[in-house]
Structures are given as structure tokens and as C-alpha cells.
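Dropping upload_9.pdb in here (PDB, C-alpha atoms and all ligand atoms):
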```pdb
ATOM      1  CA  MET A  16       9.601 -10.412  -2.036
ATOM      2  CA  GLY A  17       6.065  -9.226  -1.633
ATOM      3  CA  LYS A  18       2.526 -10.456  -1.579
ATOM      4  CA  LEU A  19      -0.412 -11.090  -3.801
ATOM      5  CA  ILE A  20      -3.892 -10.033  -2.752
ATOM      6  CA  TYR A  21      -6.491 -11.739  -4.900
ATOM      7  CA  CYS A  22     -10.101 -12.723  -5.242
ATOM      8  CA  GLU A  23     -11.101 -16.356  -5.613
ATOM      9  CA  LYS A  24     -14.427 -15.472  -7.235
ATOM     10  CA  CYS A  25     -13.422 -12.954  -9.887
ATOM     11  CA  HIS A  26     -10.196 -11.857 -11.577
ATOM     12  CA  TYR A  27      -9.297  -9.051  -9.191
ATOM     13  CA  ARG A  28      -5.650  -9.109  -8.101
ATOM     14  CA  LEU A  29      -3.240  -6.652  -6.546
ATOM     15  CA  GLU A  30       0.448  -7.471  -6.526
ATOM     16  CA  ILE A  31       2.614  -5.785  -3.895
ATOM     17  CA  THR A  32       6.277  -6.031  -4.770
ATOM     18  CA  ASN A  33       8.825  -4.358  -2.574
ATOM     19  CA  SER A  34      11.455  -2.631  -4.633
ATOM     20  CA  ARG A  35      14.851  -3.904  -3.714
ATOM     21  CA  ASN A  36      18.429  -2.766  -4.201
ATOM     22  CA  PHE A  37      18.658  -0.500  -7.226
ATOM     23  CA  GLY A  38      14.924   0.073  -7.311
ATOM     24  CA  PHE A  39      14.807   1.038  -3.659
ATOM     25  CA  LYS A  40      17.692   3.447  -4.141
ATOM     26  CA  LEU A  41      15.862   5.160  -7.003
ATOM     27  CA  VAL A  42      12.726   5.577  -4.943
ATOM     28  CA  VAL A  43      14.611   6.876  -1.927
ATOM     29  CA  THR A  44      16.396   9.453  -4.074
ATOM     30  CA  GLN A  45      13.125  10.498  -5.624
ATOM     31  CA  PHE A  46      11.457  11.036  -2.241
ATOM     32  CA  ALA A  47      14.502  12.608  -0.615
ATOM     33  CA  GLY A  48      14.381  15.405  -3.169
ATOM     34  CA  ARG A  49      10.635  15.975  -3.027
ATOM     35  CA  ALA A  50       9.888  15.407   0.656
ATOM     36  CA  GLY A  51       8.107  18.753   0.973
ATOM     37  CA  THR A  52       5.581  17.975  -1.747
ATOM     38  CA  PHE A  53       3.754  15.206   0.125
ATOM     39  CA  GLY A  54       1.540  17.461   2.158
ATOM     40  CA  PRO A  55       1.809  19.210   5.538
ATOM     41  CA  GLU A  56       2.317  15.999   7.522
ATOM     42  CA  ILE A  57       5.610  15.149   5.830
ATOM     43  CA  LYS A  58       6.682  18.763   5.494
ATOM     44  CA  ASN A  59       6.260  19.308   9.264
ATOM     45  CA  PHE A  60       8.173  16.137   9.953
ATOM     46  CA  PHE A  61      11.168  17.271   7.896
ATOM     47  CA  ASP A  62      11.007  20.729   9.468
ATOM     48  CA  HIS A  63      11.455  19.071  12.876
ATOM     49  CA  PHE A  64      13.762  16.264  11.756
ATOM     50  CA  PRO A  65      16.001  17.477   8.892
ATOM     51  CA  ASP A  66      17.884  14.166   9.103
ATOM     52  CA  GLY A  67      14.659  12.172   8.878
ATOM     53  CA  ALA A  68      13.735   9.638   6.198
ATOM     54  CA  LEU A  69      10.651   8.055   4.621
ATOM     55  CA  ASP A  70       9.871   4.355   4.511
ATOM     56  CA  CYS A  71       9.910   3.642   0.748
ATOM     57  CA  THR A  72       8.544   0.108   0.904
ATOM     58  CA  TRP A  73       5.135  -0.724  -0.583
ATOM     59  CA  ASN A  74       1.936  -1.990   0.906
ATOM     60  CA  ALA A  75      -1.761  -2.168   0.171
ATOM     61  CA  TYR A  76      -4.171   0.375   1.650
ATOM     62  CA  HIS A  77      -7.891  -0.046   2.033
ATOM     63  CA  CYS A  78     -10.692   2.480   2.481
ATOM     64  CA  LYS A  79     -13.306   1.215   4.921
ATOM     65  CA  LYS A  80     -15.801   3.814   3.795
ATOM     66  CA  CYS A  81     -15.961   3.225   0.028
ATOM     67  CA  GLY A  82     -14.026  -0.033  -0.380
ATOM     68  CA  TYR A  83     -11.237   1.408  -2.556
ATOM     69  CA  LEU A  84      -8.084  -0.709  -2.476
ATOM     70  CA  THR A  85      -4.706   0.425  -3.760
ATOM     71  CA  ASP A  86      -0.970   0.003  -3.323
ATOM     72  CA  GLU A  87       1.259   2.873  -2.270
ATOM     73  CA  TYR A  88       4.654   3.642  -0.781
ATOM     74  CA  ARG A  89       4.271   3.519   2.982
ATOM     75  CA  LEU A  90       5.985   6.910   3.491
ATOM     76  CA  ASN A  91       6.023   6.412   7.256
ATOM     77  CA  MET A  92       8.330   8.922   8.885
ATOM     78  CA  CYS A  93      11.573   7.617  10.343
ATOM     79  CA  VAL A  94      14.574   9.006  12.209
ATOM     80  CA  PRO A  95      18.159   7.731  12.601
ATOM     81  CA  LYS A  96      18.682   5.253  15.433
ATOM     82  CA  VAL A  97      22.488   5.332  15.374
ATOM     83  CA  ASP A  98      24.975   8.203  15.542
ATOM     84  CA  LYS A  99      26.852   7.468  12.338
ATOM     85  CA  CYS A 100      23.894   7.174  10.064
ATOM     86  CA  PRO A 101      24.150   7.556   6.294
ATOM     87  CA  SER A 102      21.842  10.217   4.905
ATOM     88  CA  PHE A 103      18.459   9.165   3.519
ATOM     89  CA  SER A 104      19.546   9.547  -0.116
ATOM     90  CA  GLN A 105      22.565   7.273   0.424
ATOM     91  CA  ILE A 106      20.468   4.294   1.509
ATOM     92  CA  SER A 107      20.187   1.549  -1.125
ATOM     93  CA  THR A 108      18.106  -1.289   0.310
ATOM     94  CA  PRO A 109      15.266  -1.790   2.793
ATOM     95  CA  ILE A 110      17.563  -3.953   4.958
ATOM     96  CA  GLU A 111      20.093  -1.138   5.141
ATOM     97  CA  PHE A 112      17.292   1.322   5.823
ATOM     98  CA  TRP A 113      15.985  -0.531   8.888
ATOM     99  CA  ARG A 114      19.517  -0.972  10.213
ATOM    100  CA  TYR A 115      19.867   2.813  10.489
ATOM    101  CA  TYR A 116      16.334   4.178  10.858
ATOM    102  CA  HIS A 117      13.244   3.495  12.922
ATOM    103  CA  MET A 118       9.718   4.737  12.485
ATOM    104  CA  ILE A 119       8.304   7.416  14.769
ATOM    105  CA  GLN A 120       5.197   8.523  12.875
ATOM    106  CA  ARG A 121       2.782   6.816  10.510
ATOM    107  CA  TYR A 122       1.864   8.600   7.305
ATOM    108  CA  THR A 123      -1.896   8.975   6.794
ATOM    109  CA  HIS A 124      -2.907   7.651   3.393
ATOM    110  CA  CYS A 125      -6.116   9.234   2.178
ATOM    111  CA  CYS A 126      -8.471   7.551  -0.237
ATOM    112  CA  ASP A 127      -8.240   8.796  -3.855
ATOM    113  CA  MET A 128     -11.965   8.239  -4.243
ATOM    114  CA  CYS A 129     -13.554   9.715  -1.098
ATOM    115  CA  GLY A 130     -10.705  11.319   0.886
ATOM    116  CA  GLU A 131     -11.132   9.205   4.046
ATOM    117  CA  PRO A 132      -7.997   7.945   5.836
ATOM    118  CA  MET A 133      -7.194   4.420   4.674
ATOM    119  CA  THR A 134      -6.120   1.366   6.664
ATOM    120  CA  GLU A 135      -2.899  -0.486   5.901
ATOM    121  CA  VAL A 136      -3.694  -4.030   4.784
ATOM    122  CA  THR A 137      -1.871  -6.606   6.883
ATOM    123  CA  GLY A 138      -2.398 -10.351   7.095
ATOM    124  CA  LYS A 139      -5.108 -10.006   9.719
ATOM    125  CA  VAL A 140      -7.272  -7.365   8.061
ATOM    126  CA  LYS A 141     -10.296  -8.716   6.229
ATOM    127  CA  VAL A 142     -10.851  -6.783   3.036
ATOM    128  CA  ARG A 143     -13.590  -7.284   0.493
ATOM    129  CA  CYS A 144     -12.978  -7.421  -3.261
ATOM    130  CA  PRO A 145     -13.661  -4.008  -4.851
ATOM    131  CA  GLU A 146     -15.163  -5.827  -7.865
ATOM    132  CA  CYS A 147     -17.487  -8.461  -6.410
ATOM    133  CA  GLY A 148     -17.507  -8.080  -2.601
ATOM    134  CA  ASN A 149     -16.038 -11.492  -1.842
ATOM    135  CA  TYR A 150     -13.367 -11.597   0.896
ATOM    136  CA  LEU A 151      -9.885 -11.322  -0.611
ATOM    137  CA  VAL A 152      -7.078 -13.770   0.036
ATOM    138  CA  THR A 153      -3.447 -12.816   0.686
ATOM    139  CA  ARG A 154      -0.565 -14.971  -0.386
ATOM    140  CA  LYS A 155       3.145 -14.324   0.172
ATOM    141  CA  MET A 156       5.398 -14.223  -2.884
ATOM    142  CA  LYS A 157       9.128 -14.925  -3.010
TER     143      LYS A 157
HETATM  144 ZN    ZN B   1     -13.881 -10.421  -6.688
HETATM  145 ZN    ZN B   2     -12.766   5.843   0.034
END
```

Represent the structure from my file as C-alpha cells, please.
Ligand SMILES: [Zn+2]
Ligand SMILES: [Zn+2]
Amino acid sequence: MGKLIYCEKCHYRLEITNSRNFGFKLVVTQFAGRAGTFGPEIKNFFDHFPDGALDCTWNAYHCKKCGYLTDEYRLNMCVPKVDKCPSFSQISTPIEFWRYYHMIQRYTHCCDMCGEPMTEVTGKVKVRCPECGNYLVTRKMK
């Protein structure tokens, strides 16, 4: 499950694989314990929503200013949507996660190179290859 973002002109490729099952559980546990270390945005969120959770799926992020392209955990901020909701650290899979939580606030990913807020790469966003400037192609992977 995931996608491949690649360049048809050069060898640039970025593989986005969503961690599933055991992997997802590990990531969730990791973030549940360190939620306060991801900057003021996430700290404020957990101050207001102690039962909140972070979206631990992956995606690609693109900087429109300098062209930097990278993959990161989404870290969007989510709250329980049902009364009997397991705690964040008990969640094992993305499917389970979205059954119990829904997003209320997007996390702002800042560019490692220039510090500008980055845009999440979806199917519709046209992004140029960081190596050669050609438009990149996205393909879904099983
Ligand atoms: Zn290229
Ligand atoms: Zn940048």
C-alpha cells in the first residue's frame, strides 16, 4: 500500500509506503510518548485534547519555494469520534485508527532546507523533479 513518485527523465524516485499493522503500532507508540516534542502546534493540541491522536501515515511533502521534496509522517491532529475509543497508543492499524478518530487540524510541515510551509503531495499536485526539473509522475503501489 503506497505510491511511487518518480521522474521519467532521470533516476529520481520517492517511495511512500504506509506502515501497516505492527509497523503502524510501533510508530503510534513512538509518537504517543513524544507528542510534546513536535513543536508548539502539537503541544498546544495535546494541551487542549489530552485524548487526541496523531495521524501516523506517510505522505510526500513539497516546498513550492525551493523545490525540496520529502516524505514524512502526516502528524495531522485527530480526536476521538466515538465514546468508547481506545487510547492512541492502543491503536494498531490505520484502518482501526480512522474507525475511532477523525482529523480536526492539519500539521504544518516546514521545509528542512528553507523553512517555508510545505504542501502535501496528492494526485492532483504537479511537482517538479528536484534533480532535473521535469514533472514527476505518481503511480499507486499495492
Ligand atoms: Zn528528474
Ligand atoms: Zn524549501

Residues up to 7 Å from ligand ZN 1 (chain B), counting only C-alpha atoms and all ligand atoms: could you list those as a ChimeraX atom specification? /A:22-27,144-149

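Atom to atom, CA of Leu29 (chain A) and CA of Lys80 (chain A) stand 19.3 Å apart.
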
Surrounding residues as a ChimeraX atom specification, ligand ZN 2 (chain B), max 12 Å, all atoms listed in the file: /A:76-85,124-134,145

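Closest approach to Pro109 (chain A) among A:Glu135, A:Asp70, A:Asp86, A:Asp62: A:Asp70, based on only C-alpha atoms.
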
Listed atoms of region 70-88 of chain A, axis-aligned box, 5 Å per side: centre and edge lengths to one decimal in Å, as lines of an AutoDock Vina configuration file?
```
center_x = -3.0
center_y = 1.1
center_z = 0.6
size_x = 35.9
size_y = 16.5
size_z = 18.7
```

Output check: residues returned by the PyMOL selection byres (((chain A and resi 74) around 7) and not hetatm), as a ChimeraX atom specification: /A:31,72-73,75-76,86-89

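Candidate residues A:Glu56, A:Tyr150, A:Lys157, A:Pro65 were compared for distance to Gln120 (chain A), and the nearest is A:Glu56, using only C-alpha atoms.
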
Among listed residues A:Asn91, A:Asp98, A:Ser104, A:Gly17, nearest His117 (chain A) (using all atoms listed in the file): A:Asn91

Minimum-distance residue to Val43 (chain A), chosen among A:Cys93, A:Ile57, A:Val142, A:Cys71 (using all atoms listed in the file): A:Cys71

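Take CA of Gly54 (chain A) and CA of Gly138 (chain A): the distance between them is 28.5 Å.
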